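Novice: I have a structure I would like to understand better, so I am pasting it below and will then ask my questions one at a time.
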Number of protein chains: 2
Amino acid sequence: MKYELYYWPEIQGRGEYVRLALEEAGAAYVDVARGPRGSGAMMKMMEVHKGTPPFAPPFLKAGKRVIGQTANILLYLGARHGLAPKTEAGKLWVHQLQLTITDLVVEIHDTHHPLGPSMYYEDQKPPAKKRSADFWEERVPKYLGYFEGLLAANGGAYVTGRRLTYVDLSLFQIVAGLRYAFPKRMTAFEKKIPDLISLHDRVALRPNIKAYLASERRIAFNEQGIFRCYRELDA
Amino acid sequence: MKYELYYWPEIQGRGEYVRLALEEAGAAYVDVARGPRGSGAMMKMMEVHKGTPPFAPPFLKAGKRVIGQTANILLYLGARHGLAPKTEAGKLWVHQLQLTITDLVVEIHDTHHPLGPSMYYEDQKPPAKKRSADFWEERVPKYLGYFEGLLAANGGAYVTGRRLTYVDLSLFQIVAGLRYAFPKRMTAFEKKIPDLISLHDRVALRPNIKAYLASERRIAFNEQGIFRCYRELDA
C-alpha cells in the first residue's frame with residue numbers, strides 16, 4: 001500500500017512532521033498536492049458530506065482510511081513503522097510529547113500572526129514584535145528546557161532513550177526551524193540546550209533523513225510556512 | 001482504582017474536558033489541587049528528574065501511570081469507559097476531532113491573550129479586540145460549521161452517530177463557554193448551528209452531567225479561565 005499525504009505543496013508547515021516520519025520509515029508515499037492532481041484533490045477531500053472529512057491539512061490516506069491532525073497521523077504511523085514504543089504506556093507518553101510539540105508549533109506560528117491567521121503579517125507587525133519578544137523570553141526556555149531536561153535525565157541518544165521515535169524527528173524540525181526563523185536569537189540560546197542540539201545533529205545524519213534533506217522532496221523554508229524569517233522579529 | 005486529576009483548582013480551563021469525561025463515566029476520582037494537598041502536589045509532579053513528567057496540567061494519575069495533555073487523557077479514558085468507539089479507526093477519528101477542538105481552544109484563549117500568555121489581559125486590550133473580531137468573523141464559522149456539518153451529515157444524536165463520545169462532552173463545553181464569554185455574538189450566531197445547540201442541550205440532560213453541573217464540583221466560569229467574559233470583546 002502506498003500512502004497518500006495531502007498537504008500544501010509550497011511549504012513544510014505541519015506536513016513536514018509527517019514527511020519526516022514517512023521518510024525515516026522508508027515508507028512508500030505520494031505527496032499528492034505536489035503532483036499533477038494538485039491542491040484541488042486535497043480540497044475535495046475536505047468537503048463535509050458524510051464519512052470522516054478532515055478539518056484541515058495535513059491528512060493521510062492509508063488504503064480506505066483518511067487520518068487527520070498531525071499528531072494523530074504520527075500516532076498511527078508510529079505504531080506501524082517502529083517509530084514509537086510498542087506498549088500502551090509508551091505509545092501514550094510519546095504521543096503526549098508530540099502534543100506538547102503541537103502546542104509549541106502554534107506558539108511559533110503566533111509569533112508572526114498574533115492577531116490571527118486571516119490577516120497578513122504586514123498588517124500585524126507591532127503585535128508580532130511583542131509576541132516574539134515574549135516567546136523568546138518566556139516560552140522557548142520553558143518548552144525547550146523541558147525537552148532538554150528529558151534528554152539529560154534519561155541519558156539516552158533520543159528523547160525516550162536508545163530508540164528513535166517520531167518525537168525526535170519533530171524536535172529536529174523545531175531546532176532547524178528556529179535556526180531559520182530567528183538566527184540571532186537561536187544562536188544566543190543554543191548553549192542552554194546542548195543535548196537538543198546533539199539530537200538535531202544525530203537525526204540529520206540518519207541515512208534516510210540525510211537523503212531526504214538533500215532531495216527535492218524537502219521543500220526549503222520560506223515565508224509562507226510556520227517558521228518565517230523576518231529580521232525585525234529576530235533580536 | 002481511584003483516578004487522581006491534577007489541574008488548577010480555581011478554573012474549568014482545559015481540565016474541564018477531563019472532568020466532564022470522568023463525571024459522565026461515573027469514574028471515581030479526586031480533583032487533587034482542590035483538596036488539602038493543593039496546587040503544591042501538582043507542581044511537584046511536574047519536576048523534570050526522570051520518568052515521564054508532564055509539561056503542564058491537566059494530567060491524570062491512573063495507578064502508577066501519569067498521563068498528560070487533555071486529548072491524550074481523553075484517548076486513554078475513552079477506551080476504558082465506553083466514551084469512544086472500540087475499533088482503531090473509530091478511536092483515531094474521535095481523537096482527530098478532539099485535536100481539532102484542542103486547536104479551537106487555543107484560538108479561544110488567544111482572543112484575550114493575542115500577545116501571549118505571559119502578559120496580563122489589561123496590557124493587550126487593543127490587539128485582543130482585533131483578534132476577537134477576526135475570531136468571530138472567520139474562525140468560529142469555520143470550526144463550528146465543521147462540527148455542525150458532521151452532525152447534519154450523520155443524522156445522529158451525537159457527532160459520531162447514536163453513541164455519545166468524549167467529543168460530544170467537549171462540544172457541550174465549547175457551546176457553554178462561548179455563551180458565557182461572548183453572550184451577544186453567540187446569541188446572534190446560534191441560529192447557524194441548530195444541531196450543535198441541540199447536542200449541547202442533550203448532553204446537559206444526561207443524568208451524570210446534569211448532577212455534575214448542579215454540584216460544587218463544577219467550578220463557575222470566571223475571568224481566569226479559557227472562556228472569559230470581557231464586554232469590550234463581545235460585539
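Letters for chains follow the order of the C-alpha cells (A, B, ...), residue numbers begin at 1 for each chain, and ligand numbers begin at 1 in the order shown.
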What's the 8 Å shell around range 132-140 of chain B, counting only C-alpha atoms, without same-chain residues fewer than 4 positions away, as a PyMOL selection string?

Specialist: (chain A and resi 115-116+118) or (chain B and resi 107-108+111-112+128+144-145+185+233-234)

Novice: With C-alpha atoms retained, could you export that selection as a PDB file, in the first residue's frame?

Specialist:
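Output file part.pdb is given in full below:
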ATOM      1  CA  LEU A 115      -3.904  38.743  15.548  1.00  0.00           C
ATOM      2  CA  GLY A 116      -4.954  35.528  13.874  1.00  0.00           C
ATOM      3  CA  SER A 118      -6.702  35.648   8.489  1.00  0.00           C
TER       4      SER A 118
ATOM      5  CA  GLU B 107      -7.763  30.188  19.452  1.00  0.00           C
ATOM      6  CA  ILE B 108     -10.374  30.964  22.093  1.00  0.00           C
ATOM      7  CA  THR B 111      -8.895  36.126  21.776  1.00  0.00           C
ATOM      8  CA  HIS B 112      -7.959  37.619  25.143  1.00  0.00           C
ATOM      9  CA  ALA B 128      -7.455  41.381  21.812  1.00  0.00           C
ATOM     10  CA  LEU B 144     -18.445  25.288  14.428  1.00  0.00           C
ATOM     11  CA  GLY B 145     -19.607  24.998  10.834  1.00  0.00           C
ATOM     12  CA  ARG B 185     -22.051  37.364  19.489  1.00  0.00           C
ATOM     13  CA  LEU B 233     -14.589  41.831  23.209  1.00  0.00           C
ATOM     14  CA  ASP B 234     -18.259  40.975  22.690  1.00  0.00           C
TER      15      ASP B 234
END

Novice: Can you check which residues of range 3-231 of chain B DSSP gives as helix (DSSP H, G or I) on the backbone and send them as a VMD selection string?

Specialist: chain B and resid 15 to 25 32 to 34 38 to 45 70 to 80 88 to 112 121 to 123 125 to 154 166 to 181 183 to 192 194 to 204 207 to 214 231

Novice: Put those residues in a file: C-alpha atoms, as a compact mmCIF listing (two decimals), in the first residue's frame.

Specialist:
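Final output, saved to result.txt:
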# COMPACT_ATOMS: atom_id res chain seq x y z
CA GLY B 15 -9.15 20.33 32.93
CA GLU B 16 -12.88 20.63 32.35
CA TYR B 17 -12.82 18.37 29.29
CA VAL B 18 -11.36 15.66 31.51
CA ARG B 19 -13.74 16.35 34.40
CA LEU B 20 -16.72 16.02 32.07
CA ALA B 21 -15.47 12.65 30.82
CA LEU B 22 -14.82 11.35 34.34
CA GLU B 23 -18.24 12.54 35.50
CA GLU B 24 -20.13 11.07 32.54
CA ALA B 25 -18.33 7.77 33.10
CA VAL B 32 -6.23 16.80 43.81
CA ALA B 33 -5.41 20.50 43.76
CA ARG B 34 -8.90 21.34 45.04
CA GLY B 38 -3.45 21.84 46.93
CA SER B 39 -1.53 23.02 43.86
CA GLY B 40 1.76 22.18 45.53
CA ALA B 41 1.19 18.48 44.94
CA MET B 42 0.58 19.26 41.27
CA MET B 43 3.71 21.36 40.83
CA LYS B 44 5.82 18.66 42.39
CA MET B 45 4.67 16.10 39.80
CA THR B 70 -6.01 16.85 27.56
CA ALA B 71 -6.69 14.98 24.31
CA ASN B 72 -4.27 12.22 25.31
CA ILE B 73 -6.05 11.76 28.64
CA LEU B 74 -9.35 11.51 26.80
CA LEU B 75 -7.85 8.97 24.39
CA TYR B 76 -6.94 6.89 27.44
CA LEU B 77 -10.24 7.35 29.29
CA GLY B 78 -12.35 6.92 26.16
CA ALA B 79 -11.08 3.40 25.63
CA ARG B 80 -11.70 2.38 29.25
CA GLU B 88 -8.88 1.50 15.87
CA ALA B 89 -10.33 3.56 13.01
CA GLY B 90 -13.11 4.83 15.28
CA LYS B 91 -10.68 5.68 18.06
CA LEU B 92 -8.44 7.68 15.70
CA TRP B 93 -11.41 9.53 14.21
CA VAL B 94 -12.75 10.62 17.58
CA HIS B 95 -9.26 11.60 18.69
CA GLN B 96 -8.82 13.60 15.48
CA LEU B 97 -11.99 15.53 16.28
CA GLN B 98 -10.76 16.16 19.82
CA LEU B 99 -7.48 17.54 18.45
CA THR B 100 -9.49 19.90 16.25
CA ILE B 101 -11.32 21.06 19.39
CA THR B 102 -7.90 21.48 21.02
CA ASP B 103 -6.91 23.85 18.21
CA LEU B 104 -10.15 25.77 18.69
CA VAL B 105 -9.50 26.09 22.43
CA VAL B 106 -6.09 27.67 21.74
CA GLU B 107 -7.76 30.19 19.45
CA ILE B 108 -10.37 30.96 22.09
CA HIS B 109 -7.60 31.63 24.60
CA ASP B 110 -5.84 33.85 22.04
CA THR B 111 -8.89 36.13 21.78
CA HIS B 112 -7.96 37.62 25.14
CA TYR B 121 -5.12 40.93 29.54
CA GLU B 122 -5.22 44.56 30.60
CA ASP B 123 -1.92 45.09 28.75
CA LYS B 125 -6.73 45.03 25.06
CA PRO B 126 -6.48 46.63 21.58
CA PRO B 127 -4.94 43.53 19.91
CA ALA B 128 -7.46 41.38 21.81
CA LYS B 129 -10.29 43.34 20.19
CA LYS B 130 -8.85 42.77 16.73
CA ARG B 131 -8.25 39.12 17.34
CA SER B 132 -11.76 38.61 18.77
CA ALA B 133 -13.33 40.28 15.75
CA ASP B 134 -11.39 38.04 13.38
CA PHE B 135 -12.18 35.01 15.52
CA TRP B 136 -15.91 35.58 15.14
CA GLU B 137 -15.77 36.56 11.51
CA GLU B 138 -13.53 33.77 10.22
CA ARG B 139 -12.74 31.11 12.76
CA VAL B 140 -15.99 30.40 14.63
CA PRO B 141 -17.93 29.86 11.37
CA LYS B 142 -15.17 27.54 10.13
CA TYR B 143 -14.83 25.44 13.29
CA LEU B 144 -18.44 25.29 14.43
CA GLY B 145 -19.61 25.00 10.83
CA TYR B 146 -17.45 21.91 10.52
CA PHE B 147 -18.97 20.20 13.55
CA GLU B 148 -22.48 21.30 12.54
CA GLY B 149 -21.82 19.73 9.15
CA LEU B 150 -20.78 16.44 10.73
CA LEU B 151 -23.91 16.35 12.88
CA ALA B 152 -26.15 17.18 9.92
CA ALA B 153 -24.45 14.61 7.67
CA ASN B 154 -24.72 11.65 10.05
CA TYR B 166 -15.93 12.37 24.79
CA VAL B 167 -16.03 14.70 21.77
CA ASP B 168 -19.71 15.41 22.42
CA LEU B 169 -18.89 16.33 26.01
CA SER B 170 -16.20 18.71 24.78
CA LEU B 171 -18.55 20.31 22.26
CA PHE B 172 -21.05 20.86 25.07
CA GLN B 173 -18.31 22.75 26.89
CA ILE B 174 -17.43 24.81 23.80
CA VAL B 175 -21.04 25.94 23.37
CA ALA B 176 -21.45 26.69 27.08
CA GLY B 177 -18.15 28.57 27.18
CA LEU B 178 -18.81 30.69 24.10
CA ARG B 179 -22.22 31.60 25.55
CA TYR B 180 -20.52 32.76 28.73
CA ALA B 181 -17.64 34.63 27.11
CA PRO B 183 -23.16 36.36 25.01
CA LYS B 184 -24.13 38.83 22.28
CA ARG B 185 -22.05 37.36 19.49
CA MET B 186 -23.08 33.83 20.37
CA THR B 187 -26.79 34.66 20.52
CA ALA B 188 -26.54 36.10 17.01
CA PHE B 189 -24.59 33.08 15.77
CA GLU B 190 -26.60 30.23 17.25
CA LYS B 191 -29.21 30.13 14.51
CA LYS B 192 -26.48 28.87 12.18
CA PRO B 194 -29.03 24.32 15.39
CA ASP B 195 -27.68 20.76 15.59
CA LEU B 196 -24.78 21.79 17.82
CA ILE B 197 -27.17 23.61 20.14
CA SER B 198 -29.38 20.51 20.32
CA LEU B 199 -26.28 18.46 21.09
CA HIS B 200 -25.38 20.85 23.91
CA ASP B 201 -28.87 20.52 25.38
CA ARG B 202 -28.86 16.74 25.03
CA VAL B 203 -25.53 16.44 26.86
CA ALA B 204 -26.67 18.80 29.62
CA PRO B 207 -28.11 12.23 34.32
CA ASN B 208 -24.45 12.22 35.34
CA ILE B 209 -23.70 15.51 33.60
CA LYS B 210 -26.83 17.13 34.98
CA ALA B 211 -25.85 16.11 38.51
CA TYR B 212 -22.31 17.33 37.97
CA LEU B 213 -23.36 20.73 36.66
CA ALA B 214 -25.57 21.22 39.72
CA ARG B 231 -17.74 43.16 27.46

Novice: Here is a test: counting only C-alpha atoms, which residue of A:His113, A:Lys50, A:Arg228, A:Arg218 is nearest to chain B?

Specialist: A:Lys50

Novice: Name the residues in contact with Tyr7 in chain B at a cut-off of 7 Å, using only C-alpha atoms, excluding same-chain residues fewer than 2 positions from it; report them as a PyMOL selection string.

Specialist: chain B and resi 5+9+15+33+57-59

Novice: Quick one: of B:Glu4, B:Glu47, B:Glu232, B:Glu10, who's nearest to chain A, counting only C-alpha atoms?

Specialist: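 Ranking B:Glu4, B:Glu47, B:Glu232, B:Glu10 by distance to chain A, first place goes to B:Glu47.
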
Novice: Using only C-alpha atoms for the distances, tell me which of A:Pro114, A:Gly26, A:Gly161, A:Gly155 is nearest to chain B.

Specialist: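 Looking only at the distances to chain B, the closest residue turns out to be A:Pro114.
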
Novice: I want to know what sits within 8 Å of Val66 in chain B, based on only C-alpha atoms, with residues of the same chain fewer than 5 positions away left out; could you give that as a PyMOL selection string?

Specialist: chain B and resi 52-54+59-61

Novice: Those selected residues, please, written with C-alpha atoms and delivered as a JSON list (two decimals), in the first residue's frame.

Specialist:
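Generated output (part-v1.json):
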[["chain", "number", "residue", "atom", "x", "y", "z"],
["B", 52, "THR", "CA", 7.59, 10.88, 32.37],
["B", 53, "PRO", "CA", 6.86, 14.29, 33.88],
["B", 54, "PRO", "CA", 4.03, 16.24, 32.24],
["B", 59, "PHE", "CA", -2.66, 15.39, 33.92],
["B", 60, "LEU", "CA", -4.19, 12.22, 35.26],
["B", 61, "LYS", "CA", -2.67, 9.69, 37.61]]

Novice: Which distance in Å separates CA of Ala84 in chain B and CA of Thr160 in chain B, to one decimal?

Specialist: 9.3 Å

Novice: Closest to chain A among B:Thr87, B:Gln69, B:Gln124, B:Ser215, using only C-alpha atoms?

Specialist: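 Using only C-alpha atoms, chain A sits closest to B:Gln69.
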